[in-house]
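**Student:** Pasting in a structure now, in structure tokens, and then I'll have a few things to ask.
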Amino acid sequence: MSHVGVGPRAVTRSVAFLTAGVLAVPALAGCSSEDPSGKPLAEQDIASASRARVSDGGTLRWAVDSVPDTLNTFQSDADATSTRVAQAVLPSMYRMDETGRPVRNPDYLESAEVVETEPKQVVVYKLNQQAVWSDGREVGAADFAAQWRALSGKDSAYWTARNAGYDRIEKIQRGAGDLEVKVTFSRPYADWKSLFTPLYPKDVMGTPDAFNDGARRKLKVTAGPFAVKEVDTKDDEVVLTGNPRWWGEPAKLDRIVLRAVPRDERVSELVAGKLDLAEIDPDTADQVGLAAAPRDAATGTPLMGPDGTPAAGSGGSPLPGPQGRSAAQALRSWAVANGSDEEAAEEEILAREERREARAKLERRRKALSGFEVRKSLEPAYTQLALNGADGPLADERVRRAVARALDREKLAKAVLGPLDLPAEPVGSHLALSGQAAYADGSGALGDQNAKEARALLADAGWVPGGPVKESEEGEKAAGAKGEKDKDGKDEKKSEGGDDGTYIVGEDGKNTDDKETEEKGEKEKGEKGEKEKGEHSSGKNTAQGGAPGAYAPKGTAAPAGSATGPLAKDGKALTLRFVLPSGPGSEALRTVADRISDMLEKIGIGTDITKVPDESYFKDHVASGEYDLALYSWPASAFPATDARPIYAKPVPAADGSLNVAQNYTRVGTDQVDQLFDQAMTTLDQKEARDLLRKADSRIWAAAGSIPLYQRPQLVAARKNLANTGAFGFETPVYEDMGFLKKGAPGSRPSATPSS
């Protein structure tokens with residue numbers, strides 16, 4: 001799917017992920033046990049090898065989700081493949097390291113520092129003296145200035161996806177020479193390191209026509225270890241070749257071919273020998289892993305004999321062969337020996353031949369896959385449960401918090417990551433992942449899983465068990481995505497922004513998690529209530545009608561014995577519309593959704609699961625607000641003050657009367673969160689900025705618009721002799737070091753011959 005993979009940093013938060021894909025982590029300098037940022041949960045897995053062990057030449061055939069519609073990563077239709085191309089062919093002032101933090105890229109940048117803060121912030125960049133574009137011109141101030149003008153937002157003729165950061169620049173000047181660039185900001189900007197990565201030549205950024213159309217299918221001028229040779233829409237591939245003007249370490253590969261291959265077709269392409277590297281799903285990973293074993297995983301016996309017949313002890317008996325006699329003689333002899341007539345014998349022989357051919361086919365498949373291995377890590381992205389707070393039951397903050405506190409996030413993480421032998425720790429932040437500077441577990445602002453407290457929140461909001469459910473004229477029996485009003489036509493206790501109605505656990509000095517009481521109540525429900533079901537019971541995926549419902553005094557918790565009964569209010573059952581993608585690769589999301597539904601059922605909330613086509617899932621449902629609950633992912637950013645703000649900013653009315661939600665598809669936001677982001681974006685004190693971001697994250701947790709669940713798995717099938725590539729985790733790939741190990745090199749393993 002086009003939503004899989006991390007989008008360009010320039011639009012890194014403009015695309016969400018739908019499906020579920022390691023860092024060489026030294027001890028973090030300066031990190032102590034008190035540092036809440038911790039370290040990455042998983043190391044990268046790229047078969048790291050020194051350049052001396054890697055052969056010169058060869059072609060890497062790399063599966064991607066799509067051939068990009070544009071090579072300009074600052075346009076709205078840029079995708080993950082646009083980013084991959086940009087990383088290989090364009091300058092980047094900063095790269096992501098193994099902890100997800102920005103580090104200077106010495107191939108382009110000798111130094112960059114803030115030289116003035118008063119009266120204006122001034123940053124001076126000193127560029128690598130060898131850095132040149134493929135046409136021979138130096139990378140310099142003219143390119144910086146052209147990119148600023150294009151992305152500043154002042155000229156609407158440029159079709160830009162965003163201008164964050166560039167809109168704070170006042171001017172760009174040439175320094176002591178063309179290789180020194182002086183950038184003056186009109187307002188302080190903490191995330192200045194996010195700018196000019198990637199950097200396009202002035203040929204692309206210089207005019208609206210060049211920006212809008214000139215770099216969609218071609219990049220005539222580049223400055224990386226590779227250059228774009230061709231974007232072939234007919235064969236669905238992008239071909240990159242070595243850049244002869246590259247001044248850094250020369251690329252080991254001759255070519256990189258990025259081939260668009262659907263996820264459900266990748267295993268067959270691997271078997272056919274048409275790919276060397278591909279991100280894969282867990283089922284394919286299992287097949288690759290089993291293929292490495294020459295014997296049956298269950299019995300330990302050989303899968304097939306050398307002549308393609310079942311091996312001894314593997315079931316079946318050898319079929320008759322001519323062995324110097326005619327086929328008819330062999331057939332009759334076999335029939336007599338088996339007490340059968342000739343016709344029945346022939347049918348049996350044909351059936352066994354078909355089984356033998358099937359086994360031979362499986363063996364050929366196994367041998368093909370045995371040339372690969374699975375490299376796995378955790379993606380720099382997390383999957384969340386989104387709660388649409390625009391209207392309906394979830395417009396009430398108490399209901400959102402109840403949903404959040406019903407979830408056992410650890411169990412959900414284990415369901416996805418446990419079988420893959422990856423760290424299954426729940427994500428504790430909306431703004432960063434473990435190992436990144438801004439990371440701290442802010443989930444305490446919402447509180448731990450607590451079914452008793454969840455039921456009390458629902459009761460306080462008027463959702464209680466017992467009583468009749470009214471059926472409307474349209475036949476509706478449940479409150480859903482369109483929302484329901486109270487008797488006066490107003491949303492009941494709906495957050496109006498600011499900090500009003502935002503409750504943070506612990507800020508009032510009370511402990512809301514009464515574990516003892518909850519355990520007592522749960523025990524009364526019996527074994528059935530405690531057991532987590534793997535799939536829905538009959539009727540779980542449809543709106544629940546006829547559920548009892550009645551009023552109770554606010555603050556009255558539901559009796560423990562009725563904890564599993566459906567809740568209702570104003571004659572309507574509390575049933576939430578849970579929208580999910582239906583395509584290949586979404587199996588993990590559907591498993592998680594089923595488990596979430598089970599957890600919500602235990603506190604009386606029903607779910608109506610709707611599966612929709614992948615192509616319409618995000619645009620027609622999530623972005624348009626046609627859902628109550630949804631699962632999708634956001635990539636982690638090294639610059640959360642800039643990149644995360646549009647996701648959690650309070651929606652504001654647009655000029656035409658509509659609601660401008662930016663990228664806040666949950667429609668939940670507060671003025672205070674916006675203010676904390678703004679403060680973090682303007683302070684140049686890194687510690688202060690981290691503290692502000694962590695405080696903002698606590699407020700986001702408390703508002704319960706989105707609940708981070710787990711870091712996404714990253715599974716990659718790679719040829720066994722392919723080095724310096726695979727599951728990269730946080731780190732930006734080093735394209736010039738990728739290649740195939742030399743024959744006989746230490747650590748090299750037999751595999752299919754690489755393409756040339």
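To be explicit about the labels: the chains of the structure tokens are called A, B, and onward in the order shown, and within each one the residues are counted from 1, while ligands get numbers from 1 in the order they are shown.
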Please report, as JSON lines, each residue of range 236-262 of chain A lying at most 10 Å from range 131-149 of chain A, together with the nearest pair of atoms and the separation in Å rounded to one decimal; use only C-alpha atoms, and order rows by chain and ascending residue number.

**Tutor:**
```
{"residue": "A:Asn243", "atom": "CA", "partner": "A:Ser134", "partner_atom": "CA", "distance": 7.3}
{"residue": "A:Pro244", "atom": "CA", "partner": "A:Ser134", "partner_atom": "CA", "distance": 7.9}
{"residue": "A:Arg245", "atom": "CA", "partner": "A:Ser134", "partner_atom": "CA", "distance": 5.8}
{"residue": "A:Trp246", "atom": "CA", "partner": "A:Val132", "partner_atom": "CA", "distance": 7.8}
{"residue": "A:Trp247", "atom": "CA", "partner": "A:Ala131", "partner_atom": "CA", "distance": 6.9}
{"residue": "A:Gly248", "atom": "CA", "partner": "A:Ala131", "partner_atom": "CA", "distance": 8.9}
```

**Student:** Identify, on the basis of only C-alpha atoms, every residue whose closest approach to range 431-440 of chain A does not exceed 7 Å; exclude the query and any residue fewer than 5 positions from it along the same chain; express the result as an MDAnalysis selection string.

**Tutor:** chainID A and resid 36:41 99:101 636:637 640 644 690 693:694 697

**Student:** If we count only C-alpha atoms, what is near range 55-72 of chain A at a cut-off of 6 Å, once residues fewer than 3 positions away on the same chain are taken out, given as a list in words?

**Tutor:**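 In the requested format, the answer is Met1, Ser2, Gln75, Ala78, Thr81, Ser82, Ala215, Arg216, Asp236, Lys252, Leu253, Asp254, Arg255, Ile256, Val257, Leu258, Arg259, Ala260, Val261, Leu275, Asp276, Leu277, Ala278, Phe740, Leu741, Lys742, Ser755 and Ser756 of chain A.
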
**Student:** Selected residues, N, CA and C atoms, written as a PDB file, in the first residue's frame, please.

**Tutor:**
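Just written: again.pdb:
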```
ATOM      1  N   MET A   1       0.826  -1.182   0.000  1.00  0.00           N
ATOM      2  CA  MET A   1       0.000   0.000   0.000  1.00  0.00           C
ATOM      3  C   MET A   1       0.864   1.236   0.000  1.00  0.00           C
ATOM      4  N   SER A   2       0.325   2.295  -0.539  1.00  0.00           N
ATOM      5  CA  SER A   2       1.099   3.507  -0.663  1.00  0.00           C
ATOM      6  C   SER A   2       1.357   4.174   0.667  1.00  0.00           C
ATOM      7  N   GLN A  75       6.245  18.148  -2.319  1.00  0.00           N
ATOM      8  CA  GLN A  75       4.906  18.198  -2.887  1.00  0.00           C
ATOM      9  C   GLN A  75       3.991  17.223  -2.155  1.00  0.00           C
ATOM     10  N   ALA A  78       4.093  13.353  -2.771  1.00  0.00           N
ATOM     11  CA  ALA A  78       5.336  12.604  -2.550  1.00  0.00           C
ATOM     12  C   ALA A  78       5.051  11.425  -1.626  1.00  0.00           C
ATOM     13  N   THR A  81       8.805   6.281  -1.540  1.00  0.00           N
ATOM     14  CA  THR A  81       9.799   6.056  -2.590  1.00  0.00           C
ATOM     15  C   THR A  81      10.428   7.376  -3.026  1.00  0.00           C
ATOM     16  N   SER A  82       9.663   8.454  -3.018  1.00  0.00           N
ATOM     17  CA  SER A  82      10.235   9.779  -3.283  1.00  0.00           C
ATOM     18  C   SER A  82      11.367  10.058  -2.299  1.00  0.00           C
ATOM     19  N   ALA A 215      10.407  18.475 -11.629  1.00  0.00           N
ATOM     20  CA  ALA A 215      11.051  17.383 -10.891  1.00  0.00           C
ATOM     21  C   ALA A 215      10.095  16.244 -10.589  1.00  0.00           C
ATOM     22  N   ARG A 216       9.039  16.133 -11.342  1.00  0.00           N
ATOM     23  CA  ARG A 216       8.095  15.059 -11.066  1.00  0.00           C
ATOM     24  C   ARG A 216       8.599  13.718 -11.582  1.00  0.00           C
ATOM     25  N   ASP A 236       7.188  -0.091 -14.034  1.00  0.00           N
ATOM     26  CA  ASP A 236       7.017   0.204 -12.609  1.00  0.00           C
ATOM     27  C   ASP A 236       8.338   0.135 -11.839  1.00  0.00           C
ATOM     28  N   LYS A 252      29.354   1.219  -4.058  1.00  0.00           N
ATOM     29  CA  LYS A 252      29.759  -0.154  -4.355  1.00  0.00           C
ATOM     30  C   LYS A 252      28.912  -0.756  -5.468  1.00  0.00           C
ATOM     31  N   LEU A 253      27.633  -0.429  -5.497  1.00  0.00           N
ATOM     32  CA  LEU A 253      26.737  -0.966  -6.519  1.00  0.00           C
ATOM     33  C   LEU A 253      26.814  -0.144  -7.797  1.00  0.00           C
ATOM     34  N   ASP A 254      26.600  -0.807  -8.929  1.00  0.00           N
ATOM     35  CA  ASP A 254      26.474  -0.090 -10.202  1.00  0.00           C
ATOM     36  C   ASP A 254      25.094   0.547 -10.320  1.00  0.00           C
ATOM     37  N   ARG A 255      24.086  -0.212  -9.874  1.00  0.00           N
ATOM     38  CA  ARG A 255      22.714   0.262 -10.040  1.00  0.00           C
ATOM     39  C   ARG A 255      21.854  -0.166  -8.851  1.00  0.00           C
ATOM     40  N   ILE A 256      20.859   0.659  -8.580  1.00  0.00           N
ATOM     41  CA  ILE A 256      19.778   0.288  -7.661  1.00  0.00           C
ATOM     42  C   ILE A 256      18.485   0.420  -8.448  1.00  0.00           C
ATOM     43  N   VAL A 257      17.736  -0.669  -8.530  1.00  0.00           N
ATOM     44  CA  VAL A 257      16.453  -0.657  -9.224  1.00  0.00           C
ATOM     45  C   VAL A 257      15.353  -0.779  -8.179  1.00  0.00           C
ATOM     46  N   LEU A 258      14.572   0.291  -8.030  1.00  0.00           N
ATOM     47  CA  LEU A 258      13.449   0.297  -7.103  1.00  0.00           C
ATOM     48  C   LEU A 258      12.212  -0.151  -7.860  1.00  0.00           C
ATOM     49  N   ARG A 259      11.759  -1.379  -7.591  1.00  0.00           N
ATOM     50  CA  ARG A 259      10.645  -1.970  -8.323  1.00  0.00           C
ATOM     51  C   ARG A 259       9.374  -1.935  -7.496  1.00  0.00           C
ATOM     52  N   ALA A 260       8.298  -1.431  -8.087  1.00  0.00           N
ATOM     53  CA  ALA A 260       7.002  -1.416  -7.405  1.00  0.00           C
ATOM     54  C   ALA A 260       6.405  -2.818  -7.451  1.00  0.00           C
ATOM     55  N   VAL A 261       6.303  -3.441  -6.287  1.00  0.00           N
ATOM     56  CA  VAL A 261       5.756  -4.796  -6.183  1.00  0.00           C
ATOM     57  C   VAL A 261       4.747  -4.820  -5.044  1.00  0.00           C
ATOM     58  N   LEU A 275      13.935 -10.301  -7.155  1.00  0.00           N
ATOM     59  CA  LEU A 275      14.195  -9.314  -6.122  1.00  0.00           C
ATOM     60  C   LEU A 275      15.370  -9.751  -5.261  1.00  0.00           C
ATOM     61  N   ASP A 276      16.069  -8.759  -4.708  1.00  0.00           N
ATOM     62  CA  ASP A 276      17.152  -9.022  -3.766  1.00  0.00           C
ATOM     63  C   ASP A 276      16.810  -8.538  -2.364  1.00  0.00           C
ATOM     64  N   LEU A 277      15.880  -7.581  -2.286  1.00  0.00           N
ATOM     65  CA  LEU A 277      15.564  -6.953  -1.009  1.00  0.00           C
ATOM     66  C   LEU A 277      14.099  -6.536  -1.025  1.00  0.00           C
ATOM     67  N   ALA A 278      13.363  -6.894   0.033  1.00  0.00           N
ATOM     68  CA  ALA A 278      11.936  -6.546   0.057  1.00  0.00           C
ATOM     69  C   ALA A 278      11.429  -6.535   1.488  1.00  0.00           C
ATOM     70  N   PHE A 740      27.084  -6.455  -2.440  1.00  0.00           N
ATOM     71  CA  PHE A 740      27.158  -7.894  -2.212  1.00  0.00           C
ATOM     72  C   PHE A 740      28.558  -8.260  -1.716  1.00  0.00           C
ATOM     73  N   LEU A 741      28.608  -9.135  -0.720  1.00  0.00           N
ATOM     74  CA  LEU A 741      29.888  -9.547  -0.159  1.00  0.00           C
ATOM     75  C   LEU A 741      30.746 -10.262  -1.192  1.00  0.00           C
ATOM     76  N   LYS A 742      32.036 -10.052  -1.084  1.00  0.00           N
ATOM     77  CA  LYS A 742      32.966 -10.766  -1.959  1.00  0.00           C
ATOM     78  C   LYS A 742      32.915 -12.258  -1.640  1.00  0.00           C
ATOM     79  N   SER A 755      22.426  -9.755  -9.544  1.00  0.00           N
ATOM     80  CA  SER A 755      22.258  -9.273 -10.912  1.00  0.00           C
ATOM     81  C   SER A 755      23.421  -8.387 -11.292  1.00  0.00           C
ATOM     82  N   SER A 756      23.692  -8.333 -12.554  1.00  0.00           N
ATOM     83  CA  SER A 756      24.773  -7.475 -13.025  1.00  0.00           C
ATOM     84  C   SER A 756      24.257  -6.573 -14.108  1.00  0.00           C
TER      85      SER A 756
END
```

**Student:** At a cut-off of 6 Å, using only C-alpha atoms, what residues contact range 286-291 of chain A? Leave out same-chain residues fewer than 2 positions from it and give the result as a list in words.

**Tutor:**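 Near range 286-291 of chain A, the qualifying residues are Asp283, Thr284, Ala293, Arg366, Leu369 and Ser370 of chain A.
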
**Student:** Per residue of range 121-215 of chain A within 6 Å of range 89-92 of chain A, record the nearest atom pair and its distance in Å to one decimal, counting only C-alpha atoms, with rows in chain order and ascending residue number, as a Markdown table.

**Tutor:**
```
| residue | atom | partner | partner_atom | distance |
| --- | --- | --- | --- | --- |
| A:Thr197 | CA | A:Ser92 | CA | 4.4 |
| A:Pro198 | CA | A:Ser92 | CA | 4.7 |
| A:Leu199 | CA | A:Pro91 | CA | 5.3 |
```

**Student:** Please, could you write that set of residues out with N, CA and C atoms as an mmCIF file, in the first residue's frame?

**Tutor:**
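Output below, filename selection31.cif:
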```
data_model
loop_
_atom_site.group_PDB
_atom_site.id
_atom_site.type_symbol
_atom_site.label_atom_id
_atom_site.label_comp_id
_atom_site.auth_asym_id
_atom_site.auth_seq_id
_atom_site.Cartn_x
_atom_site.Cartn_y
_atom_site.Cartn_z
ATOM 1 N N THR A 197 17.032 19.678 4.058
ATOM 2 C CA THR A 197 17.203 18.228 3.945
ATOM 3 C C THR A 197 15.893 17.634 3.461
ATOM 4 N N PRO A 198 15.831 17.187 2.209
ATOM 5 C CA PRO A 198 16.902 17.277 1.215
ATOM 6 C C PRO A 198 17.024 18.697 0.658
ATOM 7 N N LEU A 199 18.159 18.966 0.001
ATOM 8 C CA LEU A 199 18.385 20.246 -0.673
ATOM 9 C C LEU A 199 18.331 20.013 -2.177
#
```

**Student:** Can you tell me which residues surround Pro106 in chain A at a distance of at most 12 Å, considering only C-alpha atoms, apart from same-chain residues fewer than 5 positions away, and format the answer as a PyMOL selection string?

**Tutor:** chain A and resi 91-95+111-112+125-131+247-249

**Student:** Which of range 322-467 of chain A end up as strand (DSSP E or B) when DSSP is run on this backbone - answer as a list of chain:residue names?

**Tutor:**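 Across range 322-467 of chain A, those assigned strand (DSSP E or B) are A:Phe372, A:Glu373, A:Val374, A:Arg375, A:Lys376, A:Ser377, A:Leu378, A:Glu379, A:Pro380, A:Ala381, A:Tyr382, A:Thr383, A:Gln384, A:Leu385, A:Ala386, A:Leu387, A:Asp396, A:Pro426, A:Val464.
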
**Student:** Nearest residue to Ala395 in chain A out of A:Glu180, A:Glu731, A:Asp77, A:Asp628, using only C-alpha atoms?

**Tutor:** A:Asp628

**Student:** Which residues, written as a ChimeraX atom specification, have at least one atom at most 12 Å from range 417-423 of chain A, with only C-alpha atoms counted and residues fewer than 4 positions away on the same chain left out?

**Tutor:** /A:20-22,40-44,281-286,289,374-379,383,410-413,427,434,588,592,709-715
